[in-house]
Amino acid sequence: MEKTQQRSLKAEEHVANTKSSPIVPQNWDKDLNLEAITEQDINQQETVEQKDIQSNVLPDGAEVSLEDIEHCYDMGRVVGDGNFAVVRECRVRGLAETFAMKIVDNAKLQGRGNMIQNEIALLHSLEHPRLIQLFRSHHTDTHVYLLMELVAGGDLFDAITQSGRFTEPSAACMIRDISQALEYIHSKSIAHRDIKPENLLRHGNGSLNLKLADFGLAMVVTEPVFTVCGTPTYVAPEILAETGYGVGVDVWAMGVILFVLLGGFPPFRSPDRNQEELFRLIQKGEVHFLSPYWDNVSEVRALLEVSPKRRLTASQTLQHGWLLHAIAQKDHKGAIKATDSMAERRNQQKLSGQVESAENKSDSHKPETLAEKYHAAQTYKNILNYDSDINACDRDQQIQEIHNMTSNQQNASHAEDTTTMNKQYTTDQHKPEKPAQQEDTDTKQE
Ligand SMILES: Nc1ncnc2c1ncn2[C@@H]1O[C@H](COP(=O)(O)OP(=O)(O)OP(=O)(O)O)[C@@H](O)[C@H]1O
């Protein structure tokens, strides 16, 4: 796919929210390799469906009417939306348990109907605690319905806009979760191809435990793939180079996420908000790690290796010294102060175009004011939103403002979960502690 084509595709698919839109290949069918999903995989999934929904719901895969859907399911609030789907909380009538129903509007797929069939087929073949679980799918003339496990804590995008950035231990826990999901799907030769914060869902109770969702672009990779797709900020250089890629593209995207989690903004940014330039920067792979603040976080470099051969794998990431060391520091429980209801309200605010609300006043562990948090959230969204109308010239200034703001916050903060890196960032008197396995910086795989 030509890059100009990507841009127009993206623009046309961009919806009225500020989350990143994936680039979806037009020749989607050719790209798929569904036959590589074995019958054994699918049978395995049957055993997963232990929930008491057998007798209450419509048959899996059935063509149904809207009346059938309404008769069977009690739809609740919207918990999220994307370019192609709205996701609602949902109950199977007669059962107490709450599910998520992803409702895909065929009209929005614009000829890419196989994308959703692909997602269904892949999710049916997968079972892992770090992946969203699909229980049933139905379709009407106009929509496809996916009955899924509800992950009630909102997505990681919201967590980032809410918190600005995270401590190393918190980031490490999230990277561990993503790596576990990737290790599993990569062991089945499946590349997700759209790893980004919007597709990482959080459990309730303000937890940062993550589950991977949205397998719309996922595919079985048995040989190098050449189709250009993904979301610009997270796209790997080998996708752009069109030299053939594999599951390593997901690890690259995870590296971008780690950078964002720790720094508060993405590693590759075009000053002019120019997508071509962004892609050039990604292919060059020049990431500026301001020393000594980033010295400890060697894993970021190892994940953002331009050469996929030198990049860590998901399994290697799980064994990486930085990750193990940071997780060991972490009393994960209670690390994030957000509550379920906060996440819920934030989702509603997001949908209504707002970002901030008064509940943050109760977040006593965060030193920033409401105005600062609002600004951080807007800035992060604007940075990612390459097609928005924001004044391009303001962006780098905004990034600098984030630096200044977080610097000020850290100076003012006595929060218990302040990172080592953040402390270093604000005061040169506090030299970074050497990580337990500093030599891991160089353990890049050939
Ligand atoms: N099982 C779930 N439980 C709770 N929320 C969910 C669930 N699945 C999705 N969501 C929410 O709904 C949003 C949209 O879902 P999803 O990404 O699957 O839609 P999409 O239209 O395919 O997205 P995209 O535009 O990235 O292709 C997610 O970002 C997430 O916030």
# chains A, B, ... in the order shown; residues from 1 in each chain; ligands from 1
>>> residues_near_ligand(ligand="ligand 1", cutoff="9 Å", atoms="only C-alpha atoms and all ligand atoms", output="MDAnalysis selection string")
chainID A and resid 13:15 19:24 78:89 99:104 116 132:134 147:158 194 196:203 211 213:217 231 347
>>> select_by_dssp(residues="segment 162-245 of chain A", states="strand (DSSP E)", output="list in words")
Ile190, Ala191, Leu200, Leu201, Arg202, Leu210, Lys211, Leu212, Met219 and Val220 of chain A
>>> closest_atom_pairs(of="segment 159-183 of chain A", to="segment 296-320 of chain A", cutoff="8 Å", atoms="only C-alpha atoms", output="JSON lines")
{"residue": "A:Arg176", "atom": "CA", "partner": "A:Leu318", "partner_atom": "CA", "distance": 6.1}
{"residue": "A:Ser179", "atom": "CA", "partner": "A:Ala314", "partner_atom": "CA", "distance": 4.9}
{"residue": "A:Gln180", "atom": "CA", "partner": "A:Ala314", "partner_atom": "CA", "distance": 7.2}
{"residue": "A:Leu182", "atom": "CA", "partner": "A:Ala314", "partner_atom": "CA", "distance": 5.9}
{"residue": "A:Glu183", "atom": "CA", "partner": "A:Ala314", "partner_atom": "CA", "distance": 5.1}
>>> write_last_selection(atoms="all heavy atoms", output="PDB file, in the first residue's frame")
ATOM      1  N   ARG A 176       5.024  -6.394  31.486  1.00  0.00           N
ATOM      2  CA  ARG A 176       4.961  -7.833  31.738  1.00  0.00           C
ATOM      3  C   ARG A 176       3.643  -8.403  31.200  1.00  0.00           C
ATOM      4  O   ARG A 176       3.633  -9.428  30.511  1.00  0.00           O
ATOM      5  CB  ARG A 176       5.055  -8.109  33.248  1.00  0.00           C
ATOM      6  CG  ARG A 176       4.865  -9.587  33.608  1.00  0.00           C
ATOM      7  CD  ARG A 176       4.488  -9.755  35.059  1.00  0.00           C
ATOM      8  NE  ARG A 176       3.304  -8.969  35.380  1.00  0.00           N
ATOM      9  CZ  ARG A 176       2.952  -8.604  36.610  1.00  0.00           C
ATOM     10  NH1 ARG A 176       3.689  -8.940  37.638  1.00  0.00           N
ATOM     11  NH2 ARG A 176       1.853  -7.889  36.821  1.00  0.00           N
ATOM     12  N   SER A 179       3.699  -8.433  27.476  1.00  0.00           N
ATOM     13  CA  SER A 179       4.642  -9.466  27.009  1.00  0.00           C
ATOM     14  C   SER A 179       4.042 -10.858  27.150  1.00  0.00           C
ATOM     15  O   SER A 179       4.252 -11.723  26.293  1.00  0.00           O
ATOM     16  CB  SER A 179       5.945  -9.401  27.812  1.00  0.00           C
ATOM     17  OG  SER A 179       6.581  -8.180  27.598  1.00  0.00           O
ATOM     18  N   GLN A 180       3.312 -11.069  28.235  1.00  0.00           N
ATOM     19  CA  GLN A 180       2.693 -12.400  28.413  1.00  0.00           C
ATOM     20  C   GLN A 180       1.674 -12.662  27.310  1.00  0.00           C
ATOM     21  O   GLN A 180       1.603 -13.770  26.764  1.00  0.00           O
ATOM     22  CB  GLN A 180       2.036 -12.493  29.793  1.00  0.00           C
ATOM     23  CG  GLN A 180       3.046 -12.609  30.928  1.00  0.00           C
ATOM     24  CD  GLN A 180       2.417 -12.488  32.300  1.00  0.00           C
ATOM     25  OE1 GLN A 180       1.282 -12.020  32.452  1.00  0.00           O
ATOM     26  NE2 GLN A 180       3.162 -12.917  33.322  1.00  0.00           N
ATOM     27  N   LEU A 182       1.689 -11.300  24.356  1.00  0.00           N
ATOM     28  CA  LEU A 182       2.418 -11.458  23.090  1.00  0.00           C
ATOM     29  C   LEU A 182       3.150 -12.797  23.028  1.00  0.00           C
ATOM     30  O   LEU A 182       3.178 -13.448  21.979  1.00  0.00           O
ATOM     31  CB  LEU A 182       3.405 -10.303  22.888  1.00  0.00           C
ATOM     32  CG  LEU A 182       2.782  -8.913  22.696  1.00  0.00           C
ATOM     33  CD1 LEU A 182       3.872  -7.882  22.406  1.00  0.00           C
ATOM     34  CD2 LEU A 182       1.747  -8.924  21.564  1.00  0.00           C
ATOM     35  N   GLU A 183       3.734 -13.193  24.142  1.00  0.00           N
ATOM     36  CA  GLU A 183       4.438 -14.481  24.145  1.00  0.00           C
ATOM     37  C   GLU A 183       3.484 -15.602  23.730  1.00  0.00           C
ATOM     38  O   GLU A 183       3.832 -16.485  22.940  1.00  0.00           O
ATOM     39  CB  GLU A 183       4.999 -14.759  25.550  1.00  0.00           C
ATOM     40  CG  GLU A 183       5.813 -16.040  25.622  1.00  0.00           C
ATOM     41  CD  GLU A 183       6.319 -16.299  27.038  1.00  0.00           C
ATOM     42  OE1 GLU A 183       5.511 -16.222  27.999  1.00  0.00           O
ATOM     43  OE2 GLU A 183       7.515 -16.570  27.184  1.00  0.00           O
TER      44      GLU A 183
END
>>> closest_residue(among="A:Ser270, A:Thr140, A:Thr98, A:Asn118", to="Tyr73 of chain A", atoms="only C-alpha atoms")
A:Thr98
>>> atom_distance(atom1="atom CA of Ile327 of chain A", atom2="atom CA of Gly263 of chain A")
18.1 Å
>>> atom_distance(atom1="atom CA of Trp252 of chain A", atom2="atom CA of Gln275 of chain A")
18.1 Å
>>> closest_residue(among="A:Val235, A:Leu324, A:Met75, A:Leu262", to="Trp294 of chain A", atoms="only C-alpha atoms")
A:Leu262
>>> select_by_dssp(residues="segment 73-112 of chain A", states="helix (DSSP H, G or I)", output="list in words")
Asn106, Ala107, Lys108 and Leu109 of chain A
>>> write_last_selection(atoms="C-alpha atoms", output="PDB file, in the first residue's frame")
ATOM      1  CA  ASN A 106     -21.090  -3.344   8.652  1.00  0.00           C
ATOM      2  CA  ALA A 107     -21.471   0.021   6.920  1.00  0.00           C
ATOM      3  CA  LYS A 108     -18.364   1.286   8.692  1.00  0.00           C
ATOM      4  CA  LEU A 109     -16.294  -1.680   7.541  1.00  0.00           C
TER       5      LEU A 109
END
